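Okay, start_10.cif now, which holds mmCIF, N, CA, C and O atoms and all ligand atoms:
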data_data
loop_
_atom_site.label_atom_id
_atom_site.label_comp_id
_atom_site.auth_asym_id
_atom_site.auth_seq_id
_atom_site.Cartn_x
_atom_site.Cartn_y
_atom_site.Cartn_z
N MET P 12 -147.23 -20.15 50.79
CA MET P 12 -145.77 -20.13 50.80
C MET P 12 -145.29 -18.91 50.01
O MET P 12 -145.80 -18.64 48.94
N SER P 13 -144.33 -18.22 50.60
CA SER P 13 -143.84 -17.04 49.87
C SER P 13 -142.61 -17.43 49.05
O SER P 13 -141.81 -18.26 49.47
N TYR P 14 -142.51 -16.83 47.93
CA TYR P 14 -141.38 -17.17 47.08
C TYR P 14 -140.41 -15.99 47.01
O TYR P 14 -140.74 -14.87 47.38
N THR P 15 -139.23 -16.29 46.56
CA THR P 15 -138.20 -15.26 46.48
C THR P 15 -137.34 -15.53 45.24
O THR P 15 -137.57 -16.51 44.54
N HIS P 16 -136.41 -14.65 44.99
CA HIS P 16 -135.52 -14.86 43.85
C HIS P 16 -134.14 -15.27 44.32
O HIS P 16 -133.48 -14.54 45.05
N TRP P 17 -133.73 -16.43 43.89
CA TRP P 17 -132.39 -16.93 44.20
C TRP P 17 -131.49 -16.62 43.02
O TRP P 17 -131.81 -16.96 41.88
N ALA P 18 -130.37 -15.98 43.32
CA ALA P 18 -129.48 -15.58 42.23
C ALA P 18 -128.19 -16.38 42.26
O ALA P 18 -127.60 -16.60 43.32
N CYS P 19 -127.76 -16.80 41.09
CA CYS P 19 -126.43 -17.39 40.92
C CYS P 19 -125.57 -16.37 40.20
O CYS P 19 -125.86 -16.01 39.06
N PHE P 20 -124.54 -15.87 40.90
CA PHE P 20 -123.72 -14.82 40.31
C PHE P 20 -122.67 -15.38 39.35
O PHE P 20 -122.06 -14.62 38.61
N ASP P 21 -122.48 -16.67 39.39
CA ASP P 21 -121.57 -17.28 38.43
C ASP P 21 -122.25 -17.44 37.07
O ASP P 21 -121.68 -17.12 36.03
N CYS P 22 -123.49 -17.92 37.10
CA CYS P 22 -124.23 -18.11 35.85
C CYS P 22 -124.94 -16.82 35.43
O CYS P 22 -125.42 -16.72 34.31
N ARG P 23 -125.02 -15.85 36.35
CA ARG P 23 -125.79 -14.63 36.15
C ARG P 23 -127.23 -14.97 35.77
O ARG P 23 -127.76 -14.56 34.74
N LYS P 24 -127.84 -15.77 36.64
CA LYS P 24 -129.23 -16.15 36.46
C LYS P 24 -129.94 -16.08 37.79
O LYS P 24 -129.31 -16.18 38.85
N SER P 25 -131.25 -15.92 37.72
CA SER P 25 -132.01 -15.96 38.96
C SER P 25 -133.21 -16.86 38.79
O SER P 25 -133.76 -17.00 37.70
N PHE P 26 -133.57 -17.50 39.88
CA PHE P 26 -134.64 -18.48 39.85
C PHE P 26 -135.66 -18.14 40.92
O PHE P 26 -135.29 -17.92 42.08
N ALA P 27 -136.92 -18.06 40.55
CA ALA P 27 -137.97 -17.79 41.52
C ALA P 27 -138.38 -19.10 42.17
O ALA P 27 -138.86 -20.02 41.51
N LYS P 28 -138.10 -19.17 43.47
CA LYS P 28 -138.44 -20.38 44.21
C LYS P 28 -138.92 -19.99 45.59
O LYS P 28 -138.79 -18.84 45.98
N ASP P 29 -139.46 -20.97 46.31
CA ASP P 29 -139.89 -20.65 47.66
C ASP P 29 -138.68 -20.39 48.56
O ASP P 29 -137.57 -20.83 48.28
N GLU P 30 -138.93 -19.64 49.62
CA GLU P 30 -137.87 -19.35 50.58
C GLU P 30 -137.49 -20.62 51.32
O GLU P 30 -138.33 -21.48 51.55
N SER P 31 -136.22 -20.70 51.71
CA SER P 31 -135.84 -21.82 52.56
C SER P 31 -134.71 -21.37 53.47
O SER P 31 -134.02 -20.39 53.19
N GLU P 32 -134.54 -22.09 54.55
CA GLU P 32 -133.51 -21.73 55.52
C GLU P 32 -132.12 -21.91 54.92
O GLU P 32 -131.27 -21.05 55.01
N ALA P 33 -131.91 -23.04 54.29
CA ALA P 33 -130.61 -23.32 53.70
C ALA P 33 -130.53 -22.71 52.31
O ALA P 33 -131.54 -22.64 51.60
N ALA P 34 -129.35 -22.28 51.94
CA ALA P 34 -129.16 -21.71 50.61
C ALA P 34 -129.41 -22.78 49.55
O ALA P 34 -128.98 -23.92 49.68
N ARG P 35 -130.12 -22.38 48.53
CA ARG P 35 -130.36 -23.32 47.45
C ARG P 35 -129.15 -23.38 46.52
O ARG P 35 -128.40 -22.43 46.42
N LYS P 36 -129.06 -24.48 45.84
CA LYS P 36 -127.96 -24.62 44.90
C LYS P 36 -128.45 -24.34 43.48
O LYS P 36 -129.58 -24.67 43.13
N CYS P 37 -127.57 -23.75 42.72
CA CYS P 37 -127.90 -23.42 41.33
C CYS P 37 -128.14 -24.72 40.54
O CYS P 37 -127.32 -25.63 40.60
N PRO P 38 -129.26 -24.79 39.82
CA PRO P 38 -129.53 -26.01 39.05
C PRO P 38 -128.55 -26.20 37.89
O PRO P 38 -128.46 -27.29 37.33
N GLU P 39 -127.80 -25.15 37.56
CA GLU P 39 -126.89 -25.29 36.42
C GLU P 39 -125.45 -25.56 36.83
O GLU P 39 -124.77 -26.39 36.23
N CYS P 40 -124.97 -24.83 37.87
CA CYS P 40 -123.55 -25.02 38.23
C CYS P 40 -123.39 -25.60 39.64
O CYS P 40 -122.28 -25.88 40.06
N ALA P 41 -124.51 -25.77 40.37
CA ALA P 41 -124.51 -26.37 41.70
C ALA P 41 -123.82 -25.54 42.77
O ALA P 41 -123.61 -25.99 43.88
N GLU P 42 -123.46 -24.29 42.43
CA GLU P 42 -122.95 -23.39 43.46
C GLU P 42 -124.11 -22.89 44.31
O GLU P 42 -125.26 -22.90 43.87
N LYS P 43 -123.78 -22.42 45.51
CA LYS P 43 -124.81 -21.87 46.37
C LYS P 43 -125.36 -20.57 45.79
O LYS P 43 -124.59 -19.72 45.34
N MET P 44 -126.67 -20.44 45.83
CA MET P 44 -127.27 -19.21 45.34
C MET P 44 -127.57 -18.29 46.53
O MET P 44 -127.55 -18.70 47.68
N ILE P 45 -127.81 -17.02 46.19
CA ILE P 45 -128.11 -16.04 47.23
C ILE P 45 -129.55 -15.58 47.09
O ILE P 45 -130.01 -15.26 45.99
N ASP P 46 -130.24 -15.56 48.21
CA ASP P 46 -131.63 -15.09 48.25
C ASP P 46 -131.62 -13.57 48.11
O ASP P 46 -131.15 -12.86 48.99
N MET P 47 -132.11 -13.06 46.98
CA MET P 47 -132.09 -11.62 46.74
C MET P 47 -133.44 -10.96 47.02
O MET P 47 -133.57 -9.75 46.84
N GLY P 48 -134.42 -11.73 47.42
CA GLY P 48 -135.71 -11.15 47.77
C GLY P 48 -136.74 -11.23 46.66
O GLY P 48 -136.41 -11.38 45.48
N ALA P 49 -137.99 -11.11 47.04
CA ALA P 49 -139.10 -11.29 46.11
C ALA P 49 -139.15 -10.21 45.03
O ALA P 49 -139.65 -10.43 43.94
N TYR P 50 -138.61 -9.03 45.34
CA TYR P 50 -138.71 -7.91 44.40
C TYR P 50 -137.44 -7.73 43.56
O TYR P 50 -137.27 -6.71 42.90
N PHE P 51 -136.57 -8.70 43.65
CA PHE P 51 -135.33 -8.65 42.85
C PHE P 51 -135.65 -8.80 41.38
O PHE P 51 -136.40 -9.70 40.99
N GLU P 52 -135.12 -7.89 40.58
CA GLU P 52 -135.27 -8.01 39.13
C GLU P 52 -133.91 -8.31 38.54
O GLU P 52 -133.05 -7.45 38.49
N PRO P 53 -133.72 -9.54 38.12
CA PRO P 53 -132.40 -9.92 37.61
C PRO P 53 -132.05 -9.14 36.34
O PRO P 53 -132.89 -8.97 35.46
N PRO P 54 -130.82 -8.65 36.27
CA PRO P 54 -130.38 -8.01 35.03
C PRO P 54 -130.32 -9.05 33.92
O PRO P 54 -130.34 -10.25 34.19
N ARG P 55 -130.21 -8.58 32.71
CA ARG P 55 -130.01 -9.54 31.63
C ARG P 55 -128.66 -10.22 31.78
O ARG P 55 -127.71 -9.63 32.30
N ARG P 56 -128.62 -11.45 31.32
CA ARG P 56 -127.45 -12.29 31.53
C ARG P 56 -126.17 -11.65 30.99
O ARG P 56 -125.09 -11.80 31.56
N LEU P 57 -126.29 -10.93 29.91
CA LEU P 57 -125.09 -10.34 29.29
C LEU P 57 -124.68 -9.02 29.94
O LEU P 57 -123.62 -8.49 29.65
N SER P 58 -125.54 -8.50 30.81
CA SER P 58 -125.20 -7.24 31.48
C SER P 58 -124.29 -7.52 32.66
O SER P 58 -124.72 -7.45 33.81
N LYS P 59 -123.06 -7.84 32.35
CA LYS P 59 -122.14 -8.26 33.40
C LYS P 59 -121.97 -7.17 34.46
O LYS P 59 -121.90 -7.44 35.65
N LYS P 60 -121.91 -5.92 34.01
CA LYS P 60 -121.72 -4.81 34.95
C LYS P 60 -122.88 -4.72 35.94
O LYS P 60 -122.69 -4.48 37.13
N ARG P 61 -124.10 -4.88 35.42
CA ARG P 61 -125.28 -4.85 36.28
C ARG P 61 -125.21 -5.96 37.33
O ARG P 61 -125.55 -5.77 38.49
N TRP P 62 -124.77 -7.14 36.88
CA TRP P 62 -124.65 -8.26 37.81
C TRP P 62 -123.56 -7.99 38.85
O TRP P 62 -123.70 -8.37 40.01
N ASP P 63 -122.49 -7.33 38.43
CA ASP P 63 -121.43 -6.98 39.39
C ASP P 63 -121.99 -6.06 40.47
O ASP P 63 -121.66 -6.19 41.65
N VAL P 64 -122.85 -5.13 40.05
CA VAL P 64 -123.47 -4.21 41.01
C VAL P 64 -124.38 -5.00 41.97
O VAL P 64 -124.37 -4.77 43.18
N MET P 65 -125.13 -5.95 41.42
CA MET P 65 -126.02 -6.76 42.27
C MET P 65 -125.21 -7.59 43.27
O MET P 65 -125.61 -7.79 44.40
N LYS P 66 -124.04 -8.04 42.81
CA LYS P 66 -123.17 -8.82 43.70
C LYS P 66 -122.69 -7.96 44.87
O LYS P 66 -122.62 -8.42 46.00
N VAL P 67 -122.37 -6.70 44.57
CA VAL P 67 -121.96 -5.78 45.63
C VAL P 67 -123.10 -5.64 46.64
O VAL P 67 -122.88 -5.72 47.86
N LEU P 68 -124.31 -5.46 46.14
CA LEU P 68 -125.47 -5.35 47.05
C LEU P 68 -125.58 -6.60 47.91
O LEU P 68 -125.78 -6.52 49.12
N ALA P 69 -125.45 -7.76 47.27
CA ALA P 69 -125.56 -9.02 48.00
C ALA P 69 -124.47 -9.13 49.06
O ALA P 69 -124.74 -9.53 50.20
N ASP P 70 -123.25 -8.76 48.70
CA ASP P 70 -122.13 -8.84 49.65
C ASP P 70 -122.37 -7.96 50.87
O ASP P 70 -121.94 -8.29 51.97
N TYR P 71 -123.02 -6.83 50.67
CA TYR P 71 -123.30 -5.94 51.79
C TYR P 71 -124.63 -6.28 52.49
O TYR P 71 -125.05 -5.60 53.40
N GLY P 72 -125.29 -7.32 52.00
CA GLY P 72 -126.50 -7.77 52.68
C GLY P 72 -127.78 -7.07 52.26
O GLY P 72 -128.80 -7.19 52.94
N TYR P 73 -127.72 -6.34 51.16
CA TYR P 73 -128.95 -5.71 50.67
C TYR P 73 -129.81 -6.72 49.94
O TYR P 73 -129.31 -7.51 49.16
N LYS P 74 -131.12 -6.67 50.24
CA LYS P 74 -132.05 -7.57 49.58
C LYS P 74 -133.30 -6.81 49.15
O LYS P 74 -133.65 -5.81 49.75
N PHE P 75 -133.92 -7.35 48.14
CA PHE P 75 -135.15 -6.74 47.63
C PHE P 75 -136.36 -7.47 48.22
O PHE P 75 -137.15 -8.06 47.50
N ASN P 76 -136.47 -7.43 49.54
CA ASN P 76 -137.52 -8.20 50.21
C ASN P 76 -138.90 -7.56 50.10
O ASN P 76 -139.91 -8.24 50.09
N THR P 77 -138.91 -6.24 50.06
CA THR P 77 -140.18 -5.52 50.02
C THR P 77 -140.11 -4.45 48.93
O THR P 77 -139.04 -4.12 48.43
N LYS P 78 -141.28 -3.90 48.61
CA LYS P 78 -141.31 -2.80 47.67
C LYS P 78 -140.48 -1.63 48.19
O LYS P 78 -139.76 -0.99 47.43
N ASP P 79 -140.58 -1.38 49.49
CA ASP P 79 -139.84 -0.27 50.10
C ASP P 79 -138.33 -0.47 49.97
O ASP P 79 -137.60 0.48 49.68
N SER P 80 -137.87 -1.69 50.21
CA SER P 80 -136.43 -1.91 50.12
C SER P 80 -135.97 -1.75 48.68
O SER P 80 -134.88 -1.26 48.41
N LYS P 81 -136.82 -2.13 47.74
CA LYS P 81 -136.47 -1.95 46.33
C LYS P 81 -136.34 -0.46 45.99
O LYS P 81 -135.39 -0.04 45.33
N VAL P 82 -137.30 0.33 46.48
CA VAL P 82 -137.28 1.78 46.24
C VAL P 82 -136.05 2.40 46.90
O VAL P 82 -135.35 3.22 46.30
N TYR P 83 -135.78 1.97 48.13
CA TYR P 83 -134.61 2.48 48.85
C TYR P 83 -133.32 2.19 48.08
O TYR P 83 -132.50 3.08 47.88
N ILE P 84 -133.17 0.94 47.67
CA ILE P 84 -131.95 0.57 46.95
C ILE P 84 -131.83 1.36 45.65
O ILE P 84 -130.77 1.87 45.31
N GLN P 85 -132.94 1.47 44.95
CA GLN P 85 -132.90 2.19 43.67
C GLN P 85 -132.56 3.68 43.88
O GLN P 85 -131.70 4.22 43.20
N ASN P 86 -133.24 4.30 44.83
CA ASN P 86 -133.09 5.76 45.00
C ASN P 86 -131.81 6.16 45.72
O ASN P 86 -131.20 7.16 45.38
N ARG P 87 -131.43 5.38 46.72
CA ARG P 87 -130.30 5.80 47.56
C ARG P 87 -128.99 5.15 47.16
O ARG P 87 -127.93 5.74 47.32
N ILE P 88 -129.05 3.94 46.67
CA ILE P 88 -127.81 3.21 46.41
C ILE P 88 -127.47 3.20 44.92
O ILE P 88 -126.37 3.57 44.52
N LEU P 89 -128.40 2.78 44.10
CA LEU P 89 -128.11 2.69 42.67
C LEU P 89 -128.20 4.05 42.00
O LEU P 89 -127.35 4.43 41.22
N GLN P 90 -129.27 4.75 42.26
CA GLN P 90 -129.55 6.11 41.77
C GLN P 90 -129.77 6.19 40.27
O GLN P 90 -130.74 6.77 39.81
N THR P 91 -128.86 5.63 39.49
CA THR P 91 -129.05 5.69 38.05
C THR P 91 -129.39 4.30 37.53
O THR P 91 -129.33 3.31 38.25
N LYS P 92 -129.73 4.26 36.26
CA LYS P 92 -130.13 3.00 35.66
C LYS P 92 -128.95 2.04 35.53
O LYS P 92 -129.09 0.84 35.63
N ASN P 93 -127.79 2.61 35.31
CA ASN P 93 -126.63 1.78 35.06
C ASN P 93 -125.41 2.31 35.83
O ASN P 93 -124.47 2.82 35.24
N PRO P 94 -125.45 2.21 37.16
CA PRO P 94 -124.40 2.83 37.98
C PRO P 94 -123.07 2.08 37.89
O PRO P 94 -123.03 0.90 37.53
N ARG P 95 -121.99 2.80 38.20
CA ARG P 95 -120.68 2.15 38.25
C ARG P 95 -120.53 1.45 39.60
O ARG P 95 -121.02 1.93 40.62
N VAL P 96 -119.83 0.32 39.58
CA VAL P 96 -119.62 -0.47 40.80
C VAL P 96 -118.98 0.39 41.89
O VAL P 96 -119.42 0.39 43.04
N ALA P 97 -117.95 1.15 41.51
CA ALA P 97 -117.24 1.97 42.49
C ALA P 97 -118.16 2.99 43.14
O ALA P 97 -118.08 3.24 44.35
N ASP P 98 -119.06 3.58 42.35
CA ASP P 98 -120.00 4.56 42.90
C ASP P 98 -120.97 3.90 43.88
O ASP P 98 -121.33 4.47 44.90
N VAL P 99 -121.41 2.70 43.53
CA VAL P 99 -122.34 1.98 44.39
C VAL P 99 -121.70 1.66 45.74
O VAL P 99 -122.29 1.87 46.79
N VAL P 100 -120.44 1.20 45.68
CA VAL P 100 -119.73 0.89 46.92
C VAL P 100 -119.60 2.15 47.77
O VAL P 100 -119.82 2.13 48.98
N GLU P 101 -119.26 3.25 47.12
CA GLU P 101 -119.09 4.51 47.84
C GLU P 101 -120.40 4.94 48.52
O GLU P 101 -120.40 5.34 49.68
N ARG P 102 -121.52 4.81 47.82
CA ARG P 102 -122.81 5.21 48.40
C ARG P 102 -123.21 4.30 49.56
O ARG P 102 -123.78 4.74 50.54
N ILE P 103 -122.89 3.00 49.41
CA ILE P 103 -123.20 2.08 50.50
C ILE P 103 -122.40 2.46 51.75
O ILE P 103 -122.93 2.50 52.86
N GLU P 104 -121.12 2.77 51.54
CA GLU P 104 -120.28 3.16 52.68
C GLU P 104 -120.82 4.43 53.34
O GLU P 104 -120.83 4.55 54.56
N LEU P 105 -121.26 5.37 52.52
CA LEU P 105 -121.83 6.61 53.06
C LEU P 105 -123.09 6.33 53.86
O LEU P 105 -123.30 6.87 54.95
N GLU P 106 -123.95 5.45 53.34
CA GLU P 106 -125.18 5.09 54.04
C GLU P 106 -124.87 4.45 55.39
O GLU P 106 -125.53 4.72 56.39
N LYS P 107 -123.84 3.61 55.38
CA LYS P 107 -123.45 2.94 56.63
C LYS P 107 -122.97 3.94 57.67
O LYS P 107 -123.30 3.84 58.85
N GLN P 108 -122.19 4.92 57.19
CA GLN P 108 -121.70 5.95 58.11
C GLN P 108 -122.86 6.74 58.70
O GLN P 108 -122.88 7.04 59.88
N LYS P 109 -123.81 7.06 57.84
CA LYS P 109 -124.98 7.83 58.29
C LYS P 109 -125.74 7.06 59.37
O LYS P 109 -126.14 7.60 60.37
N GLN P 110 -125.93 5.76 59.10
CA GLN P 110 -126.69 4.95 60.06
C GLN P 110 -125.96 4.87 61.40
O GLN P 110 -126.59 4.77 62.43
N ARG P 111 -124.63 4.90 61.34
CA ARG P 111 -123.86 4.81 62.56
C ARG P 111 -124.02 6.07 63.43
O ARG P 111 -124.02 6.01 64.63
N THR P 112 -124.11 7.21 62.74
CA THR P 112 -124.17 8.48 63.50
C THR P 112 -125.58 8.84 63.89
O THR P 112 -125.78 9.71 64.73
N GLU P 113 -126.57 8.23 63.30
CA GLU P 113 -127.96 8.56 63.63
C GLU P 113 -128.36 8.00 65.00
O GLU P 113 -127.95 6.91 65.35
ZN ZN O 1 -124.98 -21.22 38.59
#

As structure tokens - that is how I would like this structure written.
Ligand SMILES: [Zn+2]
Amino acid sequence: MSYTHWACFDCRKSFAKDESEAARKCPECAEKMIDMGAYFEPPRRLSKKRWDVMKVLADYGYKFNTKDSKVYIQNRILQTKNPRVADVVERIELEKQKQRTE
């Protein structure tokens, strides 16, 4: 069975559990969690900005399913260790435009 990281953006926590079709619920607040992929590295709980960036990735459907996707997200989308949310959104939009014209 392959496992993945389920993230709760309300609690800013992630839980390593097996994959499932239905979204798992957070054991702490019972909200639905988001499957962020096996290679997701949760930011520290107090790094609210980092979590906001991860939420943006989740909203756009980015996941850390493979090593390659992790490298892609880090190099093309995040770029720096502590990127600004607005910059991340801008880079995602640019990537989307590129994919459309390719
Ligand atoms: Zn929660």

(request) Please indicate the distance in Å from atom CA of P:Thr91 to atom CA of P:Asn76, rounded to one decimal place. (result)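 Pair atom CA of P:Thr91 / atom CA of P:Asn76 returns 20.3 Å.
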
(message) Using only N, CA, C and O atoms and all ligand atoms for the distances, tell me which of P:Lys81, P:Ala27, P:Met44, P:Glu32 is nearest to ligand ZN 1 (chain O).
(response)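 Ranked by minimum distance to ligand ZN 1 (chain O), first place goes to P:Met44.
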
(message) Just want the residues within 5 Å of ligand ZN 1 (chain O), written as a VMD selection string, counting only N, CA, C and O atoms and all ligand atoms.
(response) chain P and resid 19 21 to 22 37 39 to 41

(message) With DSSP run on the backbone, what are the strand (DSSP E or B) residues within stretch 40-88 of chain P? I'd like them as an NGL selection string.
(response) :P and (43 or 45-48)

(message) Between P:Phe26, P:Phe20, P:Tyr14, P:Tyr50, which residue has the minimum interatomic distance to P:Thr77, considering only C-alpha atoms?
(response)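 Closest to P:Thr77 of all the choices is P:Tyr50.
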
(request) Could you check which of P:Lys74, P:Arg55, P:Lys109, P:Lys60 is closest to P:Trp17, using only C-alpha atoms? (result)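 Closest to P:Trp17, using only C-alpha atoms: P:Lys74.
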
(request) One decimal, Å: what's the distance from atom C of P:Asp29 over to atom C of P:Leu89, could you say? (result) 27.4 Å

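Distance check against P:His16 using only N, CA, C and O atoms: of P:Pro38, P:Gly48, P:Pro94, P:Gly72, the minimum falls on P:Gly48.
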
(request) State, in Å with one decimal place, the distance from atom O of P:Lys59 to atom CA of P:Arg95. (result)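 Answer for the atom O of P:Lys59 to atom CA of P:Arg95 separation: 10.0 Å.
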
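Proximity ranking of P:Glu106, P:Val82, P:Ala18, P:Val100 relative to P:Leu68 places P:Val100 first, based on only N, CA, C and O atoms.
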
Could you work out an axis-aligned bounding box for all listed atoms of stretch 61-67 of chain P, with 6 Å added on each of the six sides, and give its centre and edge lengths in Å to one decimal, as AutoDock Vina command-line options?
--center_x -123.7 --center_y -6.5 --center_z 41.6 --size_x 16.6 --size_y 16.6 --size_z 24.4

(message) Using all atoms listed in the file, can you tell me which of P:Asp46, P:Arg102, P:Ala34, P:Arg56 comes closest to P:Ala69?
(response) P:Asp46

(message) So that I can check the secondary structure, give me every residue of chain P assigned helix (DSSP H, G or I) by backbone DSSP, as a count of residues only.
(response) 41

(message) Need the shell around P:Arg35: protein/DNA/RNA residues with any atom at most 6 Å away, counting all atoms listed in the file. Skip same-chain ones fewer than 3 positions apart. Format as a list in words?
(response) Glu42, Lys43, Met44 and Ile45 of chain P

(message) Using only C-alpha atoms, which protein or nucleic acid residues come within 12 Å of P:Lys107? Drop anything in the same chain fewer than 3 positions from it, and give the result as a list in words.
(response) Tyr71, Gly72, Tyr73, Arg87, Ile88, Val100, Glu101, Arg102, Ile103, Glu104, Gln110, Arg111, Thr112 and Glu113 of chain P
